[in-house]
Structure formats: C-alpha cells, structure tokens
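J.: After the structure tokens below, expect a handful of questions from me.
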Amino acid sequence: MRTVEKACPDAVRDIEGGTTTLGIEYGSTRIKAVLDDAGDRPIAVGIFDWENSFEGGYWTYPQEQLVAGIQAAYAALKDDVKARYGVTLRRLGALGVSAMMHGYLPFDVEGRLLVPFRTWRNTTTTAAARELTELLRFHVPERWSISHLYQAVLDGEEHVARIASFTTLAGYAHRLLTGESCLSVGDASGMFPIDSTTRDYDRAMLDLVDARLAERGVSLRVEDLLPRVKVAGECAGHLTPEGARLLDPAGDLEPGCPLCPPEGDAGTGMIATNSVAPRTGNVSAGTSVFSMVVLERPLRDATSPLVDLVTTPVGDAVAMVHCNNCTSDINAWVGLLMEFAELMGVPVDAPEAFSRLFGVALAGDKDAGGLVSLPFVSGETVMGVQTGRPLLVREQAARLSLANFMRMNVMSAFGALAAGNEALRAEGVKIDKLYAHGGIFKTPGVAQGILAAALEAPVTVMDTAGEGGAWGQAVAASYMLNRGEHETLAEFLSRRVFSGVGSSTVEPDAADVEGFRSYLARFKAANRAELTLEGRQG
C-alpha cells in the first residue's frame with residue numbers, strides 16, 4: 001500500500017490512544033483490513049485470501065469462512081501493527097465493515113442462516129427480476145436481494161416460511177459485531193429500491209411487492225425483513241464484548257468503539273475515489289467491474305436493463321452499470337503464460353508478468369487486430385448471458401500476436417461495461433470527473449487509457465487508488481467521528497482526505513476511441529455465439 005511506508009510518525013500515539021479508524025472489506029477474492037491513523041492515512045494492513053465456489057447450483061462462500069476470514073484479516077492486521085510499531089492493537093476510535101453488494105442471506109428468528117450465502121454472481125433469479133421490474137416499473141437486477149427472495153417464493157423454497165430477516169454480507173458481519181440490523185443507504189439500495197427524497201426504502205414499491213406476495217399466498221411484509229437504513233455520518237451501533245471477541249479471539253481488542261453504517265463495495269469505491277458529488281463517477285475493476293455516476297437529475301427510463309439505480313452513501317441517486325466479469329479471464333491467461341515461462345526455464349513472479357504483459361498491450365493494433373474474447377466466467381446480464389463460458393475467437397485475417405492478444409484481453413475486460421454505458425450517453429448523462437481504481441490499473445497508462453477509450457471520457461487514477469474499499473470504509477468511519485457541523489461527505493473528503501493527493505488523468509485518444517468502437521462491434525457480434533451456445537437468440 002502506497003502510504004503505509006510513509007505513515008504519520010505519530011502512529012504509535014494514535015494506536016495506543018485509540019484514535020485510529022479501521023475499515024474491513026469482504027472482497028470477491030480477499031478480505032482486507034486497513035488501519036488509518038488520526039489523519040486518515042493507512043498505517044497497517046491485513047489480508048485473507050479466499051475464493052467463491054459453485055455449490056448446489058449457486059456461487060457461494062462457506063458460512064464458516066464468513067467469520068474465519070474476517071478473523072484472519074484482523075489477525076494479520078494486528079501482526080502488521082506489532083511488526084511495524086512494536087505495540088499491540090487494543091483500542092479503536094471507530095470501525096466500519098463493507099462487502100460485496102447485493103446477494104442473499106436469509107435468517108430465521110433465532111438468527112440461523114437458512115440457505116448458504118448466495119452472492120451477487122448468481123444469475124438464477126431471471127424470472128423474479130423480470131416480474132419485479134414489470135411490477136415496479138423500475139429496473140430490479142438479478143443480483144439484488146429482493147430478486148433472490150422473490151425467486152425463492154416463485155420456486156416454492158421451503159425456507160421462505162421461516163424467514164425472519166434477510167441482509168447483505170456487510171449487514172451480516174455488522175450484526176455479529178454490534179447486534180444491530182442496519183445498512184448504509186448505499187448498500188440498502190442493492191437490496192430494495194430507495195427513495196432518494198426520504199433516504200429510505202421506497203414506500204409505494206414496498207406496498208406493491210407485499211400485495212404481490214399476498215396474491216401468491218405468502219404472508220410476508222418485506223419492510224419487516226429488511227435492515228434499517230442509515231446514511232453516512234450516522235452511528236450504527238457499538239462494538240459489543242461478543243463482537244470484540246469474535247473479531248479478535250485473542251482477547252486484546254476492547255469493546256465499545258462506534259461503527260459507521262455497513263456499506264457495499266460500490267459505496268466504499270465512491271468514497272475511496274472522492275466521487276460522491278453530482279456529475280462525478282468512478283469505475284471499480286476486479287473480479288467484477290462497475291461504473292457509478294452520481295446523477296444530477298432522474299433518468300428518463302428507469303426500466304433499462306443496462307443501468308441499475310442505486311445511491312451514494314448519503315442517499316443521492318446513482319446510475320450504476322454492473323458487469324459480473326472483468327479480470328478473472330485475464331488472470332487465467334497470465335497464469336498460463338507464467339506456466340509456459342516456467343516450462344522454458346525462465347520463471348517470473350506474478351507482478352512482473354502482469355506488468356510486462358500489460359505493457360506490451362500498448363504495441364497492439366488499436367482494435368486488437370481482429371481478435372475478440374468474451375471473458376464470461378459467469379453470467380453477464382448486461383449482455384443477456386445467463387450462465388457464461390469464456391470464448392476467444394478471431395477473424396480469418398486476424399493478426400495473432402502477443403501484443404494484440406493482451407490488448408484484446410484488456411479491452412474485453414471493459415467490453416460489457418462499455419456496452420452498458422452507451423445507455424447513459426443516450427440519456428445525456430454528463431460526467432465531469434471519472435476516477436478508476438483496482439489492480440488492473442497498476443501498470444501505468446495501459447488499462448487507464450483503454451478505459452478512457454471505452455467510455456469516451458477522461459479517466460483519473462489517484463495515488464490512493466490501490467488502497468481500495470477497506471480504506472474507503474475506514475474513511476467513512478472517520479467521517480462519522482470527525483466531520484464538522486453540517487459538513488457533507490463530499491466536503492469532508494475534499495477538505496480532509498484528498499487535499500493534496502496526487503493523480504494522473506488520461507484523456508481519450510481519438511485513435512484508441514475509434515479502435516475500441518470497432519472492437520466493441522465485434523464483441524457484440526461474438527456475443528451472439530455465446531447466446532447460441534446457451535440455446536438463446538442474440
């Protein structure tokens with residue numbers, strides 16, 4: 001992490017004085033804990049690597065890892081604090097948990113999980129999402145929690161009759177630490193539509209869904225099952241003795257610190273890139289990729305399947321284009337090339353392999369020379385793909401070279417995102433600033449320049465981009481503690497957190513834009529083959 005080595009010299013004072021803030025985020029491939037000093041600079045980090053699995057027809061993570069993973073990340077953070085500063089972490093000024101948005105965790109009245117965690121990656125809720133969208137006249141994505149609940153109703157799943165509550169992964173972890181069932185409005189907007197005027201679930205839509213459930217003989221009131229909604233800056237409970245012992249089984253961590261509202265990774269991405277004000281946006285790229293643009297006016301079409309309407313951590317409306325697939329296929333190909341290098345007796349480590357292979361992409365043809373890949377390891381709703389299978393195709397006269405191959409892979413990582421964002425351009429949505437973060441941007445100028453071409457907008461990468469959502473949630477905890485009277489989140493970020501932070505901006509190059517447009521046309525054409533393999537029509 002960029003700033004750990006350059007941490008505040010008073011870090012020991014902040015650690016021992018309990019003025020630090022801690023952010024923990026459940027990402028799709030790692031759980032990360034970041035400790036900030038009193039000036040919002042990261043001073044220690046802990047990581048636990050994990051991976052989802054496909055079990056019983058669903059993408060999931062084992063329940064025991066939901067607890068063991070956060071414990072391991074916190075233990076690694078404690079070890080890092082001890083190694084760097086020679087002290088034991090015992091007190092926190094504030095804490096926040098965030099996680100992958102959406103998904104489905106239903107519980108009975110005793111707090112027992114009724115079915116294994118169903119993640120955002122599942123596309124098993126097509127019928128429910130379609131029916132809810134028609135009912136509400138509002139696009140309800142397949143991965144939203146309400147889609148999972150209603151699909152369980154449609155499928156007659158046994159557990160529905162025993163549901164007492166349901167929540168997201170961040171909400172589950174927060175409840176373990178505090179005993180409180182609540183969510184940030186940003187994460188809640190991935191469970192059920194939010195009314196941005198009330199900063200709460202949309203009352204009229206709740207009534208419509210309750211009536212539809214009643215028609216199906218299900219006597220549930222959705223509002224009774226959902227977590228309470230809170231906005232950034234509010235206190236969402238305090239660390240209980242049980243929560244402190246769960247997080248730190250060694251018993252060193254003192255209970256009592258306040259927690260900010262549990263957030264989704266989209267919200268922490270907005271905080272980590274200072275993109276919470278209208279006409280700002282960000283792109284978060286990892287296993288999945290999504291763009292978030294804060295709107296200055298409502299969209300004309302709230303039913304477009306390409307755009308999700310969610311909110312910032314303070315409840316302002318956001319247009320989100322979410323794609324299930326981004327870097328997984330690139331990682332697989334780079335792994336294959338690393339295996340070949342080892343076979344040839346010249347093994348390389350992963351950072352060097354990624355850096356060199358990404359660098360060579362700049363030498364490729366602007367349209368990747370007639371190569372095209374569909375990196376759909378899982379379903380891709382934006383492209384109408386339900387299950388997904390990675391495909392690589394090339395035209396007869398394609399120029400197959402390493403440079404074109406790597407450029408194709410980076411372009412494909414943003415292919416579905418570019419297709420989805422065409423709907424925003426058609427709506428006339430204006431973007432003044434677009435920030436990008438994620439590991440794909442580590443090699444300077446490569447993915448950043450290709451993304452600028454894909455979205456036809458300037459893309460900025462901050463020096464803080466590598467710190468990610470866990471750091472963003474630590475900043476959200478700091479906002480709860482340190483904001484001025486009536487100070488908005490946008491004002492707090494600009495004044496306190498991002499003042500003086502370095503950044504680099506890449507404007508879309510005309511030749512790159514033209515090349516990506518040609519590539520996107522082939523990408524869409526190849527998608528028809530994907531749909532045909534699924535037995536569907538493009």
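Scheme for the structure tokens: letters A, B, ... for chains in order shown; per-chain residue numbers from 1; ligand numbers from 1 in order shown.
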Write out as JSON lines the residues of region 38-74 of chain A that have any atom within 8 Å of an atom of region 244-260 of chain A, one row each with the nearest atom pair and its distance in Å to one decimal, counting only C-alpha atoms, sorted by chain and then rising number.

T.:
{"residue": "A:Val67", "atom": "CA", "partner": "A:Leu246", "partner_atom": "CA", "distance": 7.9}
{"residue": "A:Ile70", "atom": "CA", "partner": "A:Leu247", "partner_atom": "CA", "distance": 6.9}
{"residue": "A:Gln71", "atom": "CA", "partner": "A:Leu247", "partner_atom": "CA", "distance": 5.2}
{"residue": "A:Tyr74", "atom": "CA", "partner": "A:Leu247", "partner_atom": "CA", "distance": 6.8}

J.: As a ChimeraX atom specification, list the residues of region 149-242 of chain A assigned to strand (DSSP E) by DSSP on the backbone atoms of this structure.

T.: /A:165-167,182-184,194-195,200-201,228-230

J.: For the residues in that selection, give me N, CA and C atoms as a CSV table (one decimal), in the first residue's frame.

T.:
chain,number,residue,atom,x,y,z
A,165,SER,N,-35.6,-12.4,8.7
A,165,SER,CA,-34.9,-11.2,8.3
A,165,SER,C,-34.0,-11.7,7.1
A,166,PHE,N,-33.5,-10.7,6.3
A,166,PHE,CA,-32.5,-11.0,5.3
A,166,PHE,C,-31.7,-9.8,5.1
A,167,THR,N,-30.4,-10.0,4.7
A,167,THR,CA,-29.5,-8.9,4.6
A,167,THR,C,-28.4,-9.2,3.6
A,182,CYS,N,-28.8,-3.2,10.5
A,182,CYS,CA,-28.9,-2.0,9.7
A,182,CYS,C,-28.0,-2.0,8.6
A,183,LEU,N,-28.1,-1.1,7.6
A,183,LEU,CA,-27.3,-0.9,6.5
A,183,LEU,C,-27.1,0.5,6.1
A,184,SER,N,-26.0,0.9,5.5
A,184,SER,CA,-25.9,2.1,4.8
A,184,SER,C,-26.9,2.2,3.7
A,194,ILE,N,-34.6,2.5,-3.4
A,194,ILE,CA,-34.5,3.5,-2.4
A,194,ILE,C,-35.2,4.8,-3.0
A,195,ASP,N,-35.9,5.5,-2.1
A,195,ASP,CA,-36.5,6.8,-2.5
A,195,ASP,C,-35.4,7.8,-2.0
A,200,ASP,N,-34.7,6.3,2.2
A,200,ASP,CA,-35.2,5.0,2.8
A,200,ASP,C,-35.8,4.2,1.7
A,201,TYR,N,-36.2,3.0,2.0
A,201,TYR,CA,-36.9,2.1,1.0
A,201,TYR,C,-38.1,2.8,0.5
A,228,ARG,N,-32.6,-1.8,8.9
A,228,ARG,CA,-32.9,-0.4,8.9
A,228,ARG,C,-31.9,0.4,8.1
A,229,VAL,N,-32.3,1.5,7.5
A,229,VAL,CA,-31.4,2.3,6.6
A,229,VAL,C,-30.8,3.4,7.4
A,230,LYS,N,-29.5,3.6,7.2
A,230,LYS,CA,-28.8,4.7,7.8
A,230,LYS,C,-27.9,5.4,6.7

J.: Determine, counting only C-alpha atoms, which protein, DNA and RNA residues have an atom within 7 Å of an atom of region 90-105 of chain A; residues of the same chain fewer than 2 positions away are not included. Present the result as a ChimeraX atom specification.

T.: /A:18-28,88,107,113,117-120,143-145,148,166-170,174,187,190-191,252-254,257-265,473-474,477

J.: Hey, which of A:Asp10, A:Asp301, A:Glu514, A:Glu134 ends up closest to Asp36 (chain A)? Count only C-alpha atoms.

T.: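 So, comparing all the options, the nearest one is A:Asp10.
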